[in-house]
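Okay, data-v4.txt is below, compact mmCIF, C-alpha atoms and all ligand atoms:
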# COMPACT_ATOMS: atom_id res chain seq x y z
CA MET A 1 60.45 134.14 0.68
CA SER A 2 62.85 133.42 3.52
CA LYS A 3 64.18 129.94 4.24
CA ILE A 4 63.36 128.62 7.71
CA VAL A 5 64.85 125.55 9.36
CA ALA A 6 63.27 124.63 12.72
CA ILE A 7 64.85 122.14 15.13
CA ASP A 8 63.24 120.88 18.33
CA GLY A 9 64.57 118.35 20.79
CA PRO A 10 65.41 117.70 24.45
CA ALA A 11 68.35 119.18 26.37
CA GLY A 12 71.70 117.82 25.23
CA SER A 13 70.44 116.34 21.96
CA GLY A 14 72.99 118.41 20.02
CA LYS A 15 70.62 121.06 18.63
CA GLY A 16 72.93 123.94 19.50
CA THR A 17 76.03 122.49 17.88
CA VAL A 18 74.17 121.26 14.82
CA ALA A 19 72.37 124.59 14.33
CA GLU A 20 75.67 126.41 14.59
CA ILE A 21 77.29 124.33 11.83
CA LEU A 22 74.16 124.39 9.69
CA SER A 23 73.99 128.19 9.93
CA GLU A 24 77.51 128.44 8.53
CA LYS A 25 77.10 125.81 5.81
CA CYS A 26 73.69 127.03 4.61
CA ASN A 27 74.19 130.73 5.30
CA LEU A 28 71.41 131.03 7.87
CA ILE A 29 71.10 133.17 10.98
CA ASN A 30 71.18 130.96 14.06
CA ILE A 31 68.64 131.72 16.80
CA ASP A 32 69.02 129.78 20.05
CA THR A 33 65.62 130.24 21.72
CA GLY A 34 66.73 128.51 24.93
CA ALA A 35 69.10 131.45 25.43
CA THR A 36 66.12 133.83 25.59
CA TYR A 37 64.57 131.84 28.46
CA ARG A 38 67.97 131.65 30.11
CA CYS A 39 68.18 135.47 29.97
CA VAL A 40 64.86 135.73 31.81
CA ALA A 41 66.13 133.26 34.42
CA LEU A 42 69.37 135.23 34.88
CA ALA A 43 67.48 138.52 35.13
CA ALA A 44 65.25 136.94 37.80
CA LEU A 45 68.30 135.81 39.79
CA ASN A 46 69.93 139.23 39.42
CA ASN A 47 66.78 140.79 40.85
CA ASN A 48 66.70 138.33 43.77
CA LEU A 49 63.44 136.83 42.55
CA THR A 50 62.46 133.23 43.27
CA LEU A 51 60.11 130.94 41.35
CA ASP A 52 57.28 132.15 43.64
CA ASN A 53 57.56 135.69 42.25
CA VAL A 54 55.65 134.87 39.07
CA ASP A 55 54.17 138.35 38.47
CA GLU A 56 57.56 140.02 38.87
CA ILE A 57 59.22 137.50 36.54
CA VAL A 58 56.52 138.09 33.90
CA GLU A 59 56.98 141.85 34.21
CA LEU A 60 60.76 141.46 33.91
CA SER A 61 60.41 139.26 30.81
CA GLY A 62 58.52 142.06 29.08
CA LYS A 63 61.06 144.71 30.03
CA ILE A 64 64.50 143.20 29.47
CA LYS A 65 66.39 143.69 26.22
CA ILE A 66 67.80 140.47 24.72
CA GLU A 67 70.10 140.60 21.69
CA PHE A 68 72.22 138.13 19.72
CA THR A 69 75.23 139.81 18.14
CA PRO A 70 76.79 138.82 14.77
CA ASP A 71 79.84 137.49 16.66
CA LYS A 72 77.53 135.09 18.53
CA ARG A 73 77.38 136.80 21.90
CA VAL A 74 74.20 137.10 23.97
CA LEU A 75 73.47 140.51 25.45
CA LEU A 76 71.05 141.13 28.30
CA ASP A 77 70.33 144.84 28.71
CA ASN A 78 73.54 145.54 26.75
CA LYS A 79 75.68 143.33 29.00
CA ASP A 80 77.45 140.24 27.64
CA VAL A 81 75.88 137.26 29.44
CA THR A 82 76.95 134.51 27.00
CA ASP A 83 78.67 132.51 29.76
CA ALA A 84 76.52 133.63 32.70
CA ILE A 85 73.33 132.16 31.19
CA ARG A 86 74.97 128.69 31.16
CA SER A 87 75.64 128.69 34.93
CA LYS A 88 74.38 125.94 37.22
CA GLU A 89 72.04 128.41 38.97
CA VAL A 90 70.38 129.51 35.73
CA THR A 91 70.16 125.94 34.43
CA SER A 92 68.37 124.80 37.56
CA ILE A 93 65.53 127.35 37.32
CA VAL A 94 65.18 127.94 33.57
CA SER A 95 62.70 125.16 32.84
CA PRO A 96 60.06 126.22 35.43
CA ILE A 97 60.55 129.83 34.32
CA SER A 98 59.93 128.82 30.72
CA SER A 99 56.66 127.18 31.84
CA ILE A 100 55.16 130.52 32.86
CA LEU A 101 52.61 131.22 30.15
CA LYS A 102 53.11 134.97 29.92
CA VAL A 103 56.89 134.58 29.84
CA ARG A 104 56.42 132.24 26.87
CA GLU A 105 54.17 134.76 25.13
CA ASN A 106 56.82 137.45 25.49
CA MET A 107 59.65 135.18 24.31
CA VAL A 108 57.72 133.75 21.34
CA LYS A 109 56.97 137.31 20.21
CA LEU A 110 60.64 138.22 20.49
CA GLN A 111 61.78 135.04 18.71
CA ARG A 112 59.40 135.64 15.79
CA GLU A 113 60.62 139.21 15.57
CA MET A 114 64.24 138.00 15.44
CA ALA A 115 63.39 135.62 12.56
CA LYS A 116 61.41 138.14 10.55
CA ASN A 117 62.85 138.83 7.10
CA TYR A 118 65.83 136.50 7.52
CA ASP A 119 66.85 133.02 6.45
CA VAL A 120 67.15 131.31 9.83
CA VAL A 121 67.83 128.12 11.68
CA MET A 122 65.99 128.26 14.99
CA GLU A 123 66.27 125.65 17.71
CA GLY A 124 64.32 124.99 20.89
CA ARG A 125 61.35 122.97 22.12
CA ASP A 126 58.31 124.48 20.39
CA ILE A 127 59.78 125.93 17.21
CA THR A 128 58.27 123.43 14.77
CA THR A 129 54.89 123.58 16.53
CA VAL A 130 54.31 127.07 17.96
CA VAL A 131 56.98 129.63 17.10
CA LEU A 132 57.47 128.95 13.39
CA PRO A 133 54.86 126.35 12.36
CA ASN A 134 55.29 127.42 8.73
CA ALA A 135 59.00 126.54 8.71
CA ASN A 136 60.20 124.98 5.44
CA TYR A 137 62.12 122.22 7.22
CA LYS A 138 61.26 120.72 10.59
CA PHE A 139 63.44 118.38 12.61
CA TYR A 140 63.19 116.61 15.96
CA LEU A 141 66.66 115.80 17.23
CA ASP A 142 66.84 113.15 19.93
CA ALA A 143 69.32 110.99 21.90
CA THR A 144 69.12 108.78 24.98
CA LEU A 145 69.27 110.40 28.43
CA GLU A 146 72.63 108.68 29.14
CA GLU A 147 74.20 109.99 25.94
CA ARG A 148 72.85 113.51 26.45
CA ALA A 149 74.13 113.63 30.04
CA ASN A 150 77.56 112.42 28.89
CA ARG A 151 77.73 115.14 26.23
CA ARG A 152 76.78 117.87 28.70
CA TYR A 153 79.29 116.54 31.22
CA LYS A 154 82.08 116.85 28.66
CA GLN A 155 80.97 120.36 27.65
CA TYR A 156 80.81 121.47 31.30
CA GLN A 157 84.25 120.04 32.05
CA GLU A 158 85.70 121.99 29.13
CA LYS A 159 84.04 125.17 30.41
CA GLY A 160 85.07 124.55 34.01
CA ILE A 161 81.47 124.23 35.25
CA ASP A 162 81.50 122.09 38.36
CA MET A 163 78.72 119.49 38.08
CA THR A 164 78.93 115.72 38.47
CA LEU A 165 77.57 113.36 35.81
CA GLU A 166 74.83 112.30 38.24
CA GLU A 167 73.81 115.91 38.92
CA ILE A 168 73.64 116.61 35.19
CA LYS A 169 71.62 113.48 34.53
CA GLU A 170 69.17 114.40 37.25
CA ASN A 171 68.87 117.98 35.97
CA ILE A 172 68.29 116.86 32.36
CA SER A 173 65.78 114.25 33.45
CA LYS A 174 63.81 116.85 35.44
CA ARG A 175 63.96 119.30 32.55
CA ASP A 176 62.81 116.60 30.11
CA TYR A 177 59.73 116.00 32.23
CA ASN A 178 59.01 119.70 32.63
CA ASP A 179 59.69 120.52 28.96
CA MET A 180 57.37 117.73 27.82
CA HIS A 181 54.51 118.57 30.19
CA LYS A 182 53.95 122.27 29.69
CA GLU A 183 50.52 123.78 29.36
CA VAL A 184 51.65 125.50 26.16
CA GLY A 185 54.78 125.00 24.05
CA SER A 186 55.58 121.49 25.21
CA LEU A 187 58.25 119.51 23.43
CA ILE A 188 56.31 117.07 21.29
CA ARG A 189 56.87 114.87 18.28
CA THR A 190 54.70 115.38 15.21
CA ASP A 191 54.39 113.76 11.80
CA GLU A 192 55.73 116.90 10.14
CA GLN A 193 59.15 116.65 11.79
CA VAL A 194 61.99 114.57 10.40
CA TYR A 195 63.04 112.52 13.43
CA ILE A 196 66.77 111.99 13.96
CA ASP A 197 68.14 109.88 16.80
CA SER A 198 71.71 111.12 17.23
CA THR A 199 72.70 108.67 20.00
CA ASN A 200 75.10 106.78 17.76
CA MET A 201 75.77 109.49 15.22
CA THR A 202 78.57 112.03 14.97
CA ILE A 203 77.71 115.73 14.69
CA GLU A 204 78.88 115.61 11.08
CA GLU A 205 76.51 112.74 10.30
CA VAL A 206 73.58 114.63 11.81
CA VAL A 207 74.41 117.79 9.87
CA ASN A 208 74.78 115.84 6.62
CA LYS A 209 71.45 114.13 7.16
CA MET A 210 69.77 117.51 7.65
CA ILE A 211 71.44 118.99 4.58
CA GLU A 212 70.24 115.98 2.60
CA VAL A 213 66.67 116.72 3.66
CA ILE A 214 67.03 120.45 2.97
CA GLU A 215 68.47 119.88 -0.50
CA GLU A 216 65.99 117.17 -1.44
O1 LIG B 1 67.99 124.62 25.04
P1 LIG B 1 68.30 125.09 26.46
O2 LIG B 1 68.72 123.97 27.38
O3 LIG B 1 69.26 126.23 26.50
O4 LIG B 1 66.91 125.64 27.01
C1 LIG B 1 66.74 126.11 28.32
C2 LIG B 1 65.31 125.87 28.80
O5 LIG B 1 64.41 126.72 28.08
C3 LIG B 1 64.80 124.45 28.60
O6 LIG B 1 64.79 123.74 29.81
C4 LIG B 1 63.42 124.60 28.07
C5 LIG B 1 63.23 126.02 27.74
N1 LIG B 1 62.91 126.25 26.34
C6 LIG B 1 61.59 126.28 25.98
O7 LIG B 1 60.73 126.07 26.81
N2 LIG B 1 61.26 126.56 24.69
C7 LIG B 1 62.20 126.77 23.77
N3 LIG B 1 61.83 127.05 22.51
C8 LIG B 1 63.56 126.70 24.12
C9 LIG B 1 63.90 126.42 25.42
Re-express the file's structure as structure tokens.
Ligand code: DC
Amino acid sequence: MSKIVAIDGPAGSGKGTVAEILSEKCNLINIDTGATYRCVALAALNNNLTLDNVDEIVELSGKIKIEFTPDKRVLLDNKDVTDAIRSKEVTSIVSPISSILKVRENMVKLQREMAKNYDVVMEGRDITTVVLPNANYKFYLDATLEERANRRYKQYQEKGIDMTLEEIKENISKRDYNDMHKEVGSLIRTDEQVYIDSTNMTIEEVVNKMIEVIEE
């Protein structure tokens, strides 16, 4: 039977970094589900669609080809979009796009397909609850809004993405609300998740805590 580690949590809580390290240490395939929604958002922008074009976005989400390569690149219809899906434009529309029910259905199907037959660590908002409810290990990774905005700000500065700390904080706060109030696939806390507040923890401490739980 395959080993499945599921991590949910709000934007900037460190899920991506932690999943990356965990995948290497525990020999798991890392699946970043947020990247799949980001691909739909980028495809919508590339096709000059706005958030009003729901039917077209749904149709697009069923047609596009999304792949994660072994060298950790994200391909959208065979094109490398690893950096493009992190742009300000994509980030500002991805949450409402991920609220479209039929888009979620298409992405959940794809995410389950990606996890099939592999040992995986999968991170997102609804992994422990909807996508892989039978996961062997379930975590909810959290941090305060201030800390998460600071982390994103640093990441963006390193990548040369031009956004002020205030803009980032506002974007994360909006996404938090949206991600926690979806009709389906909302980010929620459950008794089955191990809750980790990473506000005052280093990445290494978070990873070690998770490994402790996994090895228990
Ligand atoms: O993790 P991220 O910031 O790259 O995710 C981008 C958006 O996708 C986020 O605002 C919420 C949405 N998302 C989701 O609804 N369900 C997931 N499993 C992962 C992400």
For this session: Using all atoms listed in the file, determine which residues fall within 9 Å of ligand LIG 1 (chain B), then list them as an NGL selection string.
Result: :A and (8-12 or 15-16 or 32-38 or 85-86 or 90-99 or 104 or 107-108 or 111 or 122-127 or 130-131 or 172 or 174-176 or 178-179 or 182 or 185-187)
For this session: With all atoms listed in the file counted, which protein, DNA or RNA residues have an atom no more than 12 Å from (64.7, 113.2, 9.9) in the file frame? Please answer as a ChimeraX atom specification.
Result: /A:6-8,137-142,189-198,205-214
Exercise. Which distance in Å separates atom CA of Cys39 of chain A and atom CA of Ile66 of chain A, to one decimal?
Worked result: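 So the two atoms, atom CA of Cys39 of chain A and atom CA of Ile66 of chain A, lie 7.3 Å apart.
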For this session: Using all atoms listed in the file, pick whichever of A:Val121, A:Leu45, A:Ile57, A:Leu110 has the shortest atom-to-atom distance to Ile29 of chain A.
Result: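 With all atoms listed in the file as the atom set, the closest residue is A:Val121.
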Exercise. With distances taken over all atoms listed in the file, which of A:Thr128, A:Asn200, A:Ser13, A:Ser87 is nearest to Lys159 of chain A?
Worked result: A:Ser87
For this session: Tell me, in Å to one decimal, how far atom CA of Lys109 of chain A is from atom CA of Ser173 of chain A.
Result: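 Calculated distance between atom CA of Lys109 of chain A and atom CA of Ser173 of chain A is 28.0 Å.
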For this session: Counting only C-alpha atoms, figure out which residue out of A:Glu216, A:Glu105, A:Glu147, A:Asp119 gets nearest to Gly62 of chain A.
Result: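 Counting only C-alpha atoms, the residue closest to Gly62 of chain A is A:Glu105.
Across the model, the gap from atom CA of His181 of chain A to atom CA of Val54 of chain A is 18.6 Å.
Across A:Ala149, A:Ala44, A:Ile4, A:Val81, the tightest approach to Asn30 of chain A is made by A:Ile4 when counting only C-alpha atoms.
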Problem set entry | Proximity to Asp52 of chain A - best of A:Ala19, A:Asn27, A:Gly14, A:Ile100, only C-alpha atoms |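 Ranking A:Ala19, A:Asn27, A:Gly14, A:Ile100 by distance to Asp52 of chain A, first place goes to A:Ile100.
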For this session: Compare A:Asn136, A:Gln157, A:Thr144, A:Ser2 by their minimum atom-to-atom distance to Ala115 of chain A, counting all atoms listed in the file, and give me the closest one.
Result: A:Ser2
Problem set entry | Expected answer as an MDAnalysis selection string: all residues with atoms within 9 Å of (74.5, 113.1, 32.2), all atoms listed in the file | chainID A and resid 12 145:153 164:173
Atoms are missing here; could segment 141-156 of chain A be completed with N, CA, C and O atoms and written as a PDB file, keeping the file's coordinate frame?
ATOM      1  N   LEU A 141      65.375 116.440  16.957  1.00  0.00           N
ATOM      2  CA  LEU A 141      66.660 115.800  17.230  1.00  0.00           C
ATOM      3  C   LEU A 141      66.643 115.176  18.617  1.00  0.00           C
ATOM      4  O   LEU A 141      66.335 115.856  19.605  1.00  0.00           O
ATOM      5  N   ASP A 142      66.970 113.895  18.679  1.00  0.00           N
ATOM      6  CA  ASP A 142      66.840 113.150  19.930  1.00  0.00           C
ATOM      7  C   ASP A 142      68.143 112.422  20.259  1.00  0.00           C
ATOM      8  O   ASP A 142      69.047 112.307  19.414  1.00  0.00           O
ATOM      9  N   ALA A 143      68.248 111.911  21.482  1.00  0.00           N
ATOM     10  CA  ALA A 143      69.320 110.990  21.900  1.00  0.00           C
ATOM     11  C   ALA A 143      68.907 110.458  23.268  1.00  0.00           C
ATOM     12  O   ALA A 143      68.061 111.071  23.944  1.00  0.00           O
ATOM     13  N   THR A 144      69.490 109.346  23.678  1.00  0.00           N
ATOM     14  CA  THR A 144      69.120 108.780  24.980  1.00  0.00           C
ATOM     15  C   THR A 144      69.563 109.719  26.104  1.00  0.00           C
ATOM     16  O   THR A 144      70.490 110.524  25.931  1.00  0.00           O
ATOM     17  N   LEU A 145      68.923 109.574  27.268  1.00  0.00           N
ATOM     18  CA  LEU A 145      69.270 110.400  28.430  1.00  0.00           C
ATOM     19  C   LEU A 145      70.750 110.214  28.794  1.00  0.00           C
ATOM     20  O   LEU A 145      71.448 111.195  29.066  1.00  0.00           O
ATOM     21  N   GLU A 146      71.228 108.977  28.777  1.00  0.00           N
ATOM     22  CA  GLU A 146      72.630 108.680  29.140  1.00  0.00           C
ATOM     23  C   GLU A 146      73.589 109.439  28.223  1.00  0.00           C
ATOM     24  O   GLU A 146      74.517 110.088  28.667  1.00  0.00           O
ATOM     25  N   GLU A 147      73.334 109.354  26.919  1.00  0.00           N
ATOM     26  CA  GLU A 147      74.200 109.990  25.940  1.00  0.00           C
ATOM     27  C   GLU A 147      74.159 111.522  26.098  1.00  0.00           C
ATOM     28  O   GLU A 147      75.194 112.191  26.063  1.00  0.00           O
ATOM     29  N   ARG A 148      72.974 112.057  26.316  1.00  0.00           N
ATOM     30  CA  ARG A 148      72.850 113.510  26.450  1.00  0.00           C
ATOM     31  C   ARG A 148      73.567 114.002  27.706  1.00  0.00           C
ATOM     32  O   ARG A 148      74.229 115.043  27.695  1.00  0.00           O
ATOM     33  N   ALA A 149      73.447 113.244  28.790  1.00  0.00           N
ATOM     34  CA  ALA A 149      74.130 113.630  30.040  1.00  0.00           C
ATOM     35  C   ALA A 149      75.647 113.560  29.845  1.00  0.00           C
ATOM     36  O   ALA A 149      76.370 114.456  30.291  1.00  0.00           O
ATOM     37  N   ASN A 150      76.119 112.526  29.150  1.00  0.00           N
ATOM     38  CA  ASN A 150      77.560 112.420  28.890  1.00  0.00           C
ATOM     39  C   ASN A 150      78.078 113.598  28.087  1.00  0.00           C
ATOM     40  O   ASN A 150      79.138 114.149  28.373  1.00  0.00           O
ATOM     41  N   ARG A 151      77.316 113.995  27.072  1.00  0.00           N
ATOM     42  CA  ARG A 151      77.730 115.140  26.230  1.00  0.00           C
ATOM     43  C   ARG A 151      77.824 116.418  27.048  1.00  0.00           C
ATOM     44  O   ARG A 151      78.778 117.174  26.939  1.00  0.00           O
ATOM     45  N   ARG A 152      76.788 116.663  27.874  1.00  0.00           N
ATOM     46  CA  ARG A 152      76.780 117.870  28.700  1.00  0.00           C
ATOM     47  C   ARG A 152      77.950 117.862  29.691  1.00  0.00           C
ATOM     48  O   ARG A 152      78.587 118.881  29.924  1.00  0.00           O
ATOM     49  N   TYR A 153      78.202 116.678  30.241  1.00  0.00           N
ATOM     50  CA  TYR A 153      79.290 116.540  31.220  1.00  0.00           C
ATOM     51  C   TYR A 153      80.616 116.974  30.590  1.00  0.00           C
ATOM     52  O   TYR A 153      81.379 117.742  31.167  1.00  0.00           O
ATOM     53  N   LYS A 154      80.847 116.488  29.372  1.00  0.00           N
ATOM     54  CA  LYS A 154      82.080 116.850  28.660  1.00  0.00           C
ATOM     55  C   LYS A 154      82.146 118.352  28.407  1.00  0.00           C
ATOM     56  O   LYS A 154      83.156 119.003  28.641  1.00  0.00           O
ATOM     57  N   GLN A 155      81.023 118.910  27.919  1.00  0.00           N
ATOM     58  CA  GLN A 155      80.970 120.360  27.650  1.00  0.00           C
ATOM     59  C   GLN A 155      81.272 121.151  28.923  1.00  0.00           C
ATOM     60  O   GLN A 155      82.046 122.100  28.922  1.00  0.00           O
ATOM     61  N   TYR A 156      80.646 120.749  30.042  1.00  0.00           N
ATOM     62  CA  TYR A 156      80.810 121.470  31.300  1.00  0.00           C
ATOM     63  C   TYR A 156      82.251 121.372  31.800  1.00  0.00           C
ATOM     64  O   TYR A 156      82.796 122.325  32.338  1.00  0.00           O
TER      65      TYR A 156
END
